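Colleague: Next up, data.txt (compact mmCIF, C-alpha atoms).
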```txt
# COMPACT_ATOMS: atom_id res chain seq x y z
CA MET A 186 70.67 122.65 102.92
CA ALA A 187 73.68 124.87 102.33
CA ASN A 188 73.06 128.36 101.01
CA THR A 189 74.24 129.18 97.51
CA TYR A 190 77.11 131.46 96.60
CA LEU A 191 74.52 134.07 95.52
CA THR A 192 72.77 133.96 98.91
CA LEU A 193 76.03 134.34 100.81
CA ILE A 194 77.00 137.35 98.69
CA ASN A 195 73.60 138.97 99.17
CA ASN A 196 73.83 138.51 102.93
CA VAL A 197 77.01 140.60 102.86
CA LEU A 198 75.54 143.21 100.50
CA ARG A 199 72.45 143.52 102.67
CA ASP A 200 74.59 144.23 105.74
CA LEU A 201 76.40 146.90 103.72
CA ASN A 202 73.11 148.41 102.50
CA GLU A 203 74.11 147.73 98.89
CA VAL A 204 72.10 146.54 95.90
CA GLU A 205 71.74 142.76 95.92
CA LEU A 206 72.37 140.43 92.98
CA THR A 207 70.06 138.01 91.24
CA SER A 208 70.88 134.93 89.22
CA SER A 209 70.41 136.97 86.03
CA THR A 210 72.60 139.91 87.16
CA PHE A 211 75.24 137.73 88.86
CA SER A 212 77.67 137.72 85.94
CA SER A 213 77.39 141.49 85.43
CA SER A 214 78.19 142.52 89.00
CA ARG A 215 80.00 145.81 89.55
CA GLY A 216 82.01 147.52 92.28
CA ILE A 217 81.23 146.32 95.79
CA GLN A 218 79.15 143.47 94.37
CA THR A 219 82.21 142.00 92.65
CA SER A 220 84.28 142.64 95.76
CA ALA A 221 81.70 140.73 97.83
CA LYS A 222 82.20 137.74 95.54
CA ASP A 223 85.92 137.79 96.28
CA PHE A 224 85.37 138.37 99.99
CA ILE A 225 83.13 135.30 100.30
CA ASN A 226 85.79 133.07 98.75
CA ARG A 227 88.53 134.62 100.90
CA ALA A 228 86.36 134.09 103.98
CA ILE A 229 85.75 130.42 103.14
CA THR A 230 89.50 129.93 102.66
CA ASP A 231 90.19 131.59 106.03
CA VAL A 232 87.69 129.33 107.82
CA ILE A 233 89.07 126.15 106.23
CA ASN A 234 92.68 127.18 106.93
CA ALA A 235 91.87 127.98 110.57
CA GLU A 236 92.21 124.24 111.34
CA LEU A 237 93.91 121.35 109.60
CA ASN A 238 91.36 118.70 110.50
CA TRP A 239 87.87 120.14 110.16
CA PRO A 240 85.57 117.09 109.92
CA PHE A 241 83.77 118.54 106.89
CA THR A 242 87.04 118.41 104.92
CA ARG A 243 87.63 114.73 105.71
CA ALA A 244 87.21 112.13 102.97
CA GLY A 245 88.07 108.52 102.24
CA GLY A 246 90.26 107.36 99.39
CA VAL A 247 91.63 104.28 97.66
CA LEU A 248 94.86 104.10 95.65
CA ASP A 249 95.87 101.13 93.51
CA LEU A 250 99.59 100.51 93.88
CA VAL A 251 101.86 99.83 90.91
CA SER A 252 104.45 97.07 91.06
CA GLY A 253 107.93 98.58 91.35
CA LYS A 254 106.70 102.12 92.06
CA GLN A 255 107.57 103.46 95.50
CA LEU A 256 106.58 107.16 95.45
CA TYR A 257 103.18 108.66 94.57
CA ASP A 258 102.64 112.40 94.43
CA TYR A 259 99.66 113.92 96.19
CA ALA A 260 97.79 114.55 92.92
CA THR A 261 98.05 110.82 92.13
CA VAL A 262 96.71 109.83 95.53
CA SER A 263 93.81 112.31 95.23
CA SER A 264 93.32 115.48 93.22
CA THR A 265 91.99 117.22 96.36
CA LEU A 266 94.49 115.87 98.90
CA LYS A 267 95.71 118.42 101.46
CA TYR A 268 96.84 116.15 104.28
CA LEU A 269 96.88 112.36 104.57
CA ASP A 270 95.90 110.80 107.90
CA TYR A 271 98.72 108.29 108.13
CA ASP A 272 97.11 106.52 111.10
CA THR A 273 94.38 105.26 108.76
CA VAL A 274 96.49 103.80 105.92
CA PHE A 275 95.59 100.13 105.35
CA LEU A 276 97.05 97.80 102.76
CA GLN A 277 94.40 95.61 101.17
CA PRO A 278 93.85 93.50 98.07
CA LYS A 279 92.79 95.49 95.02
CA ASP A 280 89.07 95.40 94.28
CA TYR A 281 88.54 94.70 90.58
CA VAL A 282 84.90 95.81 90.55
CA THR A 283 84.07 99.43 89.72
CA ASN A 284 81.13 100.89 91.68
CA GLY A 285 80.58 97.68 93.59
CA ASP A 286 78.55 99.52 96.23
CA PHE A 287 76.27 101.08 93.60
CA GLU A 288 76.75 104.57 94.97
CA VAL A 289 78.09 107.68 93.26
CA SER A 290 78.24 111.00 95.15
CA GLY A 291 75.92 109.64 97.84
CA SER A 292 73.18 108.44 95.47
CA ALA A 293 72.26 105.05 94.01
CA SER A 294 73.94 104.46 90.66
CA VAL A 295 74.64 101.63 88.22
CA THR A 296 77.51 103.50 86.56
CA GLY A 297 80.14 101.01 85.39
CA TRP A 298 77.64 98.22 84.76
CA THR A 299 76.49 97.18 81.27
CA THR A 300 73.00 95.90 80.51
CA VAL A 301 72.85 92.35 79.14
CA SER A 302 69.07 92.01 79.18
CA GLY A 303 66.02 93.73 80.65
CA THR A 304 66.40 97.01 82.49
CA PRO A 305 68.79 97.01 85.45
CA ALA A 306 68.08 100.09 87.54
CA ALA A 307 69.60 102.06 90.41
CA SER A 308 67.50 101.81 93.57
CA SER A 309 67.66 103.32 97.05
CA LYS A 310 65.76 100.38 98.56
CA PHE A 311 67.85 98.39 101.06
CA GLY A 312 70.55 101.05 100.77
CA ASN A 313 72.00 101.95 97.40
CA THR A 314 71.50 98.91 95.19
CA MET A 315 71.14 97.64 91.64
CA LYS A 316 67.59 96.36 91.06
CA LEU A 317 67.16 93.40 88.72
CA THR A 318 63.72 92.21 87.62
CA SER A 319 63.94 89.76 84.72
CA ALA A 320 67.17 91.57 83.96
CA SER A 321 70.90 91.01 83.76
CA ALA A 322 73.95 93.29 84.08
CA THR A 323 77.65 92.67 83.64
CA GLN A 324 81.04 94.30 84.15
CA ALA A 325 84.49 93.53 82.77
CA MET A 326 87.35 92.98 85.23
CA SER A 327 90.75 93.58 83.67
CA ASP A 328 94.37 92.79 84.58
CA LEU A 329 93.68 89.63 86.56
CA ILE A 330 96.59 87.19 86.96
CA VAL A 331 96.06 83.87 85.20
CA GLY A 332 96.19 81.00 87.69
CA LYS A 333 95.54 83.18 90.75
CA GLY A 334 92.51 82.63 92.97
CA TYR A 335 89.99 85.42 93.56
CA ASP A 336 87.31 85.82 96.24
CA VAL A 337 83.87 87.21 95.40
CA VAL A 338 81.61 88.73 98.08
CA VAL A 339 78.00 89.57 97.23
CA LYS A 340 75.22 91.16 99.27
CA LEU A 341 71.78 90.30 97.89
CA THR A 342 68.28 91.21 99.05
CA GLY A 343 64.95 90.12 97.57
CA ALA A 344 64.94 87.35 94.99
CA THR A 345 67.18 84.50 93.94
CA THR A 346 69.94 85.61 91.57
CA THR A 347 72.57 83.84 89.50
CA VAL A 348 76.14 85.19 89.48
CA THR A 349 78.44 84.04 86.70
CA ILE A 350 82.13 84.58 86.02
CA GLY A 351 83.26 84.14 82.44
CA THR A 352 85.75 85.18 79.82
CA SER A 353 83.03 86.73 77.65
CA SER A 354 80.24 89.17 78.43
CA GLY A 355 77.48 87.26 80.23
CA GLY A 356 79.50 84.05 80.06
CA SER A 357 79.82 81.38 82.74
CA GLN A 358 82.98 79.59 81.52
CA THR A 359 84.78 80.01 84.86
CA LYS A 360 82.12 79.98 87.58
CA SER A 361 78.35 79.97 88.10
CA GLN A 362 76.87 80.60 91.53
CA THR A 363 73.17 80.70 92.39
CA ILE A 364 72.30 82.76 95.47
CA THR A 365 68.99 81.55 96.86
CA LEU A 366 66.96 83.64 99.30
CA THR A 367 64.18 81.95 101.24
CA ASN A 368 62.92 84.88 103.34
CA ALA A 369 61.38 87.92 101.68
CA ASN A 370 63.42 91.10 102.12
CA ASP A 371 66.16 89.21 103.94
CA SER A 372 69.73 90.22 103.08
CA SER A 373 72.29 87.54 102.38
CA TYR A 374 76.06 87.83 102.20
CA THR A 375 77.57 85.15 100.01
CA THR A 376 81.20 84.44 99.22
CA PHE A 377 82.71 82.13 96.63
CA SER A 378 85.99 81.80 94.75
CA PHE A 379 87.27 81.26 91.22
CA THR A 380 90.62 80.85 89.51
CA ALA A 381 91.40 83.27 86.70
CA THR A 382 91.86 81.59 83.31
CA ALA A 383 92.38 84.87 81.42
CA VAL A 384 93.49 88.41 82.21
CA THR A 385 89.93 89.71 81.62
CA HIS A 386 86.84 88.18 83.17
CA TYR A 387 83.23 89.35 83.28
CA ILE A 388 81.03 89.20 86.36
CA THR A 389 77.32 89.01 85.54
CA PHE A 390 74.18 89.15 87.71
CA ALA A 391 70.89 87.78 86.40
CA GLU A 392 67.36 87.54 87.83
CA ALA A 393 65.07 85.38 85.68
CA SER A 394 61.80 84.82 87.58
CA GLY A 395 60.31 88.32 87.34
CA SER A 396 60.87 89.06 91.04
CA ASP A 397 62.79 92.03 92.43
CA ALA A 398 66.42 91.32 93.34
CA TYR A 399 68.60 94.02 94.89
CA VAL A 400 72.38 93.69 94.64
CA GLY A 401 73.88 95.90 97.36
CA LEU A 402 77.55 95.00 97.27
CA VAL A 403 80.01 93.06 95.14
CA THR A 404 83.78 92.83 95.57
CA VAL A 405 86.36 90.73 93.73
CA THR A 406 89.82 90.54 95.34
CA GLN A 407 92.85 88.27 95.18
CA ALA A 408 92.44 85.45 97.67
CA ASP A 409 95.88 85.30 99.30
CA ILE A 410 96.27 88.93 100.41
CA ASN A 411 95.24 89.94 103.93
CA PRO A 412 94.48 93.57 104.86
CA GLN A 413 96.94 95.13 107.31
CA LYS A 414 97.61 98.54 108.82
CA LEU A 415 100.80 100.18 107.60
CA SER A 416 103.13 101.75 110.14
CA PHE A 417 104.10 105.38 109.59
CA LEU A 418 107.71 106.45 109.18
CA THR A 419 109.03 109.97 109.03
CA TYR A 420 111.19 110.70 106.02
CA GLU A 421 114.22 110.81 108.33
CA ASP A 422 113.42 107.35 109.75
CA TRP A 423 113.00 105.88 106.29
CA ASN A 424 116.22 107.53 105.14
CA ASP A 425 118.17 106.18 108.13
CA ARG A 426 116.71 102.67 108.30
CA TYR A 427 115.38 101.55 104.91
CA ARG A 428 116.64 103.81 102.10
CA GLU A 429 119.75 101.75 101.53
CA ARG A 430 117.70 98.58 101.12
CA ASP A 431 115.01 100.24 98.97
CA THR A 432 117.54 101.73 96.54
CA ALA A 433 119.80 98.66 96.23
CA THR A 434 120.02 96.72 92.96
CA ASP A 435 118.45 93.71 94.57
CA VAL A 436 115.07 91.97 94.54
CA ASP A 437 115.00 92.14 98.35
CA LYS A 438 113.81 95.74 98.04
CA VAL A 439 110.41 94.65 96.69
CA GLY A 440 107.64 92.94 98.60
CA GLU A 441 104.41 93.59 100.41
CA PRO A 442 104.75 97.04 102.03
CA ASP A 443 104.97 97.32 105.81
CA TYR A 444 105.55 101.07 106.09
CA VAL A 445 104.21 104.32 104.67
CA PHE A 446 106.18 107.57 104.74
CA THR A 447 106.08 111.06 103.26
CA THR A 448 108.76 113.08 101.48
CA TYR A 449 109.40 116.82 101.47
CA ASN A 450 108.08 116.98 97.90
CA ASP A 451 104.48 116.10 98.80
CA GLU A 452 104.90 112.45 97.91
CA VAL A 453 103.64 109.33 99.67
CA GLY A 454 106.07 106.41 99.76
CA PHE A 455 105.89 102.71 100.65
CA SER A 456 108.55 100.36 101.98
CA PRO A 457 109.32 97.72 100.83
CA ILE A 458 108.53 98.78 97.27
CA PRO A 459 105.27 97.09 96.15
CA ASP A 460 105.89 93.88 94.20
CA SER A 461 102.34 93.39 92.92
CA ASP A 462 99.68 95.22 90.92
CA ASN A 463 97.00 93.52 93.04
CA LEU A 464 97.49 95.79 96.05
CA SER A 465 95.60 98.92 97.12
CA ILE A 466 95.73 101.25 100.07
CA LYS A 467 92.66 102.63 101.76
CA PHE A 468 92.97 105.81 103.80
CA ASP A 469 91.31 108.93 105.19
CA TYR A 470 92.50 112.36 104.16
CA TYR A 471 91.67 116.06 104.40
CA THR A 472 90.69 117.84 101.22
CA THR A 473 91.51 121.14 99.63
CA HIS A 474 88.64 123.24 98.31
CA THR A 475 87.75 125.06 95.11
CA ASP A 476 86.57 128.67 95.07
CA LEU A 477 82.88 129.17 94.41
CA SER A 478 82.20 130.55 90.94
CA SER A 479 78.64 129.88 89.77
CA HIS A 480 75.75 131.60 91.51
CA ASP A 481 74.32 128.23 92.63
CA ASP A 482 77.60 126.79 93.97
CA THR A 483 77.61 125.82 97.65
CA SER A 484 80.40 125.67 100.22
CA ILE A 485 81.59 122.54 102.05
CA ILE A 486 81.26 124.42 105.35
CA PRO A 487 78.14 123.27 107.26
CA THR A 488 75.12 125.55 106.93
CA ARG A 489 74.92 126.37 110.63
CA PHE A 490 78.40 127.93 110.45
CA GLU A 491 77.77 130.12 107.43
CA PRO A 492 77.40 133.23 109.66
CA VAL A 493 81.15 132.83 110.29
CA ILE A 494 81.74 133.18 106.55
CA ILE A 495 79.52 136.26 106.42
CA ALA A 496 81.31 137.88 109.36
CA ARG A 497 84.70 137.36 107.75
CA ALA A 498 83.49 138.71 104.39
CA ARG A 499 82.04 141.76 106.14
CA TYR A 500 85.42 142.32 107.80
CA TYR A 501 87.09 142.51 104.38
CA ALA A 502 84.35 144.83 103.09
CA PHE A 503 84.72 147.21 106.03
CA MET A 504 88.50 147.19 105.64
CA LEU A 505 88.03 148.12 101.98
CA ARG A 506 85.97 151.09 103.12
CA SER A 507 88.47 152.00 105.87
CA ASP A 508 85.70 151.50 108.45
CA LEU A 509 88.04 150.17 111.12
CA GLN A 510 85.54 150.10 113.98
CA ASN A 511 83.03 147.93 112.14
CA ALA A 512 85.89 145.84 110.76
CA GLN A 513 86.98 145.10 114.33
CA PHE A 514 83.44 144.11 115.32
CA ALA A 515 83.14 141.81 112.28
CA ASN A 516 86.55 140.26 112.96
CA GLN A 517 85.63 139.58 116.58
CA GLU A 518 82.42 137.90 115.44
CA TYR A 519 84.48 135.77 113.05
CA GLN A 520 87.02 134.80 115.74
CA ASP A 521 84.23 133.86 118.16
CA GLY A 522 82.58 131.81 115.44
CA VAL A 523 85.77 129.86 114.71
CA LYS A 524 86.16 129.15 118.44
CA ARG A 525 82.62 127.85 118.53
CA MET A 526 83.34 125.61 115.55
CA ARG A 527 86.42 124.17 117.27
CA VAL A 528 84.42 123.39 120.42
CA GLU A 529 81.63 121.67 118.52
CA LEU A 530 83.56 119.94 115.75
CA ILE A 531 87.02 119.17 117.16
CA ASN A 532 87.15 119.36 120.97
CA ARG A 533 85.55 116.11 122.09
CA LYS A 534 85.86 114.26 125.38
CA ASN A 535 87.86 111.07 125.53
CA TYR A 536 85.99 108.54 127.63
CA MET A 537 87.71 105.86 129.69
CA ARG A 538 86.00 102.55 130.24
CA ALA A 539 86.92 99.73 132.58
CA VAL A 540 87.75 96.48 130.81
```
Take the structure I supplied and represent it as structure tokens, if you would.

Modeller:
Amino acid sequence: MANTYLTLINNVLRDLNEVELTSSTFSSSRGIQTSAKDFINRAITDVINAELNWPFTRAGGVLDLVSGKQLYDYATVSSTLKYLDYDTVFLQPKDYVTNGDFEVSGSASVTGWTTVSGTPAASSKFGNTMKLTSASATQAMSDLIVGKGYDVVVKLTGATTTVTIGTSSGGSQTKSQTITLTNANDSSYTTFSFTATAVTHYITFAEASGSDAYVGLVTVTQADINPQKLSFLTYEDWNDRYRERDTATDVDKVGEPDYVFTTYNDEVGFSPIPDSDNLSIKFDYYTTHTDLSSHDDTSIIPTRFEPVIIARARYYAFMLRSDLQNAQFANQEYQDGVKRMRVELINRKNYMRAV
């Protein structure tokens, strides 16, 4: 478990033979104690900025595209986006279910689901799931296209469950599907389709026999859209090859995107311009970080590399005191630590296999 901001600060103060802080005295720090707070944050920033692609700054994201909108600024793509891995950008149909994997911040959650009856509960059994025992839960799906077909995929473990699609909460006006499990604790993936008859539909899960049913996944996507990897273009390539088409007063400029590019204004662009609100992109990216502030905040840097943070913070402290010799020692320890991090986290062998 990562050490807290308070612990990191005290590690520096201990090395400096200064009075340590406690959670109660944290906000009233003085002198070198306050400086140590700043030095820890500066050290974390230095470590993160030492490499663009530290694995611990990597995250996955999804962006729903807007019909007719070509450019999306970084803050729209993700509030913490530092660098987008353009080799991982995939176009896919938009998923109309919120929290369909029943996981929020790594823990089981039923956020986004509304109780119809009984007590639906978050469970960590069989992964992160929604547990239904004589219970029912529903969720509204908005902005569907009337007349379009949609595919539903459900992962179920435990007991038989009924899935309904309707135009009212808990309703089954559009579709009713019973998922029957014959083997205890066996997981079943079931897919079925429906045609939207209204812009808003409700998907509802119900278990009625008093047994435990665990819903582990549910997705609802438009049926006629196939996922595909988007090819990356530099801004210069897009400008030379496709800008004229994409800026023309012509419907030929809209369609299903084939390319993704970036501008010099920290924007992500797509070509052709998206022609549907049923499209999303899925991608990996590298995140920015936020300075630690509360005494119990923790850093995104793995625990085993926290001595690198301490060494860098000590360097700043010794520089403040004009202790150049100890500053050099601390800086060397920091540099060696960053090298060790690169070897362990980034420099990996590429294996060749006969095929």

Colleague: What is the atom CA of Val384 of chain A-atom CA of Val331 of chain A distance in Å, reported with one decimal?

Modeller: 6.0 Å

Colleague: For a quick check of understanding, using only C-alpha atoms, which of A:Arg227, A:Arg426, A:Lys254, A:Lys310 has the smallest distance to Gly440 of chain A?

Modeller: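 With only C-alpha atoms as the atom set, the closest residue is A:Lys254.
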
Colleague: Excluding Ser220 of chain A and any residue of its chain fewer than 2 positions from it, enumerate the residues within 10 Å of it, using only C-alpha atoms, and give them as an NGL selection string.

Modeller: :A and (194 or 198 or 214-218 or 222-225 or 498 or 501-502 or 505)

Colleague: For Ser465 of chain A, which residue out of A:Val337, A:Ile233, A:Leu366, A:Val251 is the nearest one, using all atoms listed in the file?

Modeller: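 Of A:Val337, A:Ile233, A:Leu366, A:Val251, the one nearest Ser465 of chain A is A:Val251, counting all atoms listed in the file.
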
Colleague: Fewer than 5 positions away in the same chain doesn't count, so skip those; otherwise give me all residues within 10 Å of Gly356 of chain A, counting only C-alpha atoms, as a list in words.

Modeller: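 That gives Thr323, Thr349, Ile350, Gly351, Ser361, His386, Tyr387, Ile388 and Thr389 of chain A.
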
Colleague: Write a file of the selected residues as a short mmCIF file (atom, residue, chain, number, x, y, z; two decimals), keeping the file's coordinate frame, keeping C-alpha atoms.

Modeller:
```cif
data_model
loop_
_atom_site.label_atom_id
_atom_site.label_comp_id
_atom_site.auth_asym_id
_atom_site.auth_seq_id
_atom_site.Cartn_x
_atom_site.Cartn_y
_atom_site.Cartn_z
CA THR A 323 77.65 92.67 83.64
CA THR A 349 78.44 84.04 86.70
CA ILE A 350 82.13 84.58 86.02
CA GLY A 351 83.26 84.14 82.44
CA SER A 361 78.35 79.97 88.10
CA HIS A 386 86.84 88.18 83.17
CA TYR A 387 83.23 89.35 83.28
CA ILE A 388 81.03 89.20 86.36
CA THR A 389 77.32 89.01 85.54
#
```

Colleague: List the neighbours of segment 269-274 of chain A out to 10 Å using all atoms listed in the file; skip same-chain residues closer than 2 positions along the sequence, and give me the result as a ChimeraX atom specification.

Modeller: /A:238,243-247,259,262-263,266-267,276-277,413-418,444-447,453,466-472

Colleague: Taking (75.8, 137.8, 90.7) as a centre in this file's frame and 9 Å as the limit, can you find every polymer residue with an atom that close, using all atoms listed in the file, and give them as a PyMOL selection string?

Modeller: chain A and resi 190-191+194-195+205-214+218-219+222+479-480

Colleague: Closest to Asn284 of chain A among A:Ala320, A:Asp231, A:Gln255, A:Thr404, using all atoms listed in the file?

Modeller: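 Counting all atoms listed in the file, the residue closest to Asn284 of chain A is A:Thr404.
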
Colleague: Set the distance at 6 Å and use only C-alpha atoms: which residues neighbour Thr314 of chain A once local chain neighbours fewer than 2 positions away are removed? I'd like the list as a list in words.

Modeller: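 Answer for this query is Phe287, Ser308, Tyr399, Val400 and Gly401 of chain A.
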
Colleague: Expressed in Å to a single decimal, how great is the separation between atom CA of Glu518 of chain A and atom CA of Pro487 of chain A?

Modeller: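 Pair atom CA of Glu518 of chain A / atom CA of Pro487 of chain A returns 17.3 Å.
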
Colleague: Of the candidates A:Ile330, A:Leu250, A:Val295, A:Leu201, which shows the shortest atom-to-atom distance to Phe455 of chain A, using all atoms listed in the file?

Modeller: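 Smallest separation from Phe455 of chain A among the options: A:Leu250.
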
Colleague: Between atom CA of Gly285 of chain A and atom CA of Val339 of chain A, what distance in Å does the model show, to one decimal?

Modeller: 9.3 Å

Colleague: Given all atoms listed in the file as the basis, pick out the residue of A:Thr432, A:Ser309, A:Gln510, A:Thr347 nearest to Ala391 of chain A.

Modeller: A:Thr347

Colleague: Neighbours of Tyr500 of chain A within 8 Å (only C-alpha atoms; same-chain residues fewer than 3 positions away dropped), as a ChimeraX atom specification?

Modeller: /A:496-497,503-504,511-516

Colleague: With segment 394-397 of chain A as the partner and 12 Å as the cut-off, tabulate the residues of segment 244-330 of chain A that qualify, each row holding the nearest pair of atoms and their distance in Å to one decimal, using all atoms listed in the file, sorted by chain and rising number, as CSV.

Modeller:
```
residue,atom,partner,partner_atom,distance
A:Gly303,CA,A:Gly395,CA,10.3
A:Thr304,CA,A:Gly395,CA,11.7
A:Pro305,CA,A:Asp397,CA,10.5
A:Ala306,CA,A:Asp397,CA,10.8
A:Ser308,CA,A:Asp397,CA,10.9
A:Lys310,CA,A:Asp397,CA,10.8
A:Phe311,CA,A:Asp397,CA,11.9
A:Thr314,CA,A:Asp397,CA,11.4
A:Met315,CA,A:Asp397,CA,10.1
A:Lys316,CA,A:Asp397,CA,6.6
A:Leu317,CA,A:Asp397,CA,5.9
A:Thr318,CA,A:Asp397,CA,4.9
A:Ser319,CA,A:Gly395,CA,4.7
A:Ala320,CA,A:Gly395,CA,8.3
A:Ser321,CA,A:Gly395,CA,11.5
```

Colleague: For each of A:Glu236, A:Asp431, A:Glu529, A:Asp280, take the minimum atom-to-atom distance to Gly454 of chain A, counting only C-alpha atoms, then give the residue where this is smallest.

Modeller: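 Of A:Glu236, A:Asp431, A:Glu529, A:Asp280, the one nearest Gly454 of chain A is A:Asp431, counting only C-alpha atoms.
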
Colleague: Can you sort out segment 210-226 of chain A so it carries N, CA and C atoms, written as a short mmCIF file (atom, residue, chain, number, x, y, z; two decimals), in the coordinates of the input?

Modeller:
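Here's the written file rebuild07.cif:
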```cif
data_model
loop_
_atom_site.label_atom_id
_atom_site.label_comp_id
_atom_site.auth_asym_id
_atom_site.auth_seq_id
_atom_site.Cartn_x
_atom_site.Cartn_y
_atom_site.Cartn_z
N THR A 210 71.63 138.80 87.12
CA THR A 210 72.60 139.91 87.16
C THR A 210 73.94 139.50 87.76
N PHE A 211 74.05 138.20 88.16
CA PHE A 211 75.24 137.73 88.86
C PHE A 211 76.51 137.95 88.05
N SER A 212 76.47 137.63 86.76
CA SER A 212 77.67 137.72 85.94
C SER A 212 78.04 139.15 85.57
N SER A 213 77.12 140.09 85.78
CA SER A 213 77.39 141.49 85.43
C SER A 213 77.55 142.36 86.67
N SER A 214 78.01 141.77 87.76
CA SER A 214 78.19 142.52 89.00
C SER A 214 79.21 143.63 88.81
N ARG A 215 79.09 144.65 89.64
CA ARG A 215 80.00 145.81 89.55
C ARG A 215 80.39 146.25 90.95
N GLY A 216 81.57 146.88 91.04
CA GLY A 216 82.01 147.52 92.28
C GLY A 216 81.98 146.61 93.48
N ILE A 217 81.27 147.05 94.52
CA ILE A 217 81.23 146.32 95.79
C ILE A 217 80.61 144.95 95.62
N GLN A 218 79.74 144.78 94.61
CA GLN A 218 79.15 143.47 94.37
C GLN A 218 80.23 142.46 93.97
N THR A 219 81.11 142.87 93.06
CA THR A 219 82.21 142.00 92.65
C THR A 219 83.17 141.76 93.80
N SER A 220 83.41 142.80 94.59
CA SER A 220 84.28 142.64 95.76
C SER A 220 83.69 141.63 96.74
N ALA A 221 82.36 141.67 96.92
CA ALA A 221 81.70 140.73 97.83
C ALA A 221 81.90 139.29 97.37
N LYS A 222 81.91 139.08 96.06
CA LYS A 222 82.20 137.74 95.54
C LYS A 222 83.57 137.27 96.02
N ASP A 223 84.56 138.14 95.86
CA ASP A 223 85.92 137.79 96.28
C ASP A 223 86.00 137.59 97.78
N PHE A 224 85.30 138.44 98.53
CA PHE A 224 85.37 138.37 99.99
C PHE A 224 84.78 137.06 100.51
N ILE A 225 83.72 136.57 99.88
CA ILE A 225 83.13 135.30 100.30
C ILE A 225 84.14 134.17 100.12
N ASN A 226 84.80 134.13 98.98
CA ASN A 226 85.79 133.07 98.75
C ASN A 226 86.99 133.20 99.69
#
```
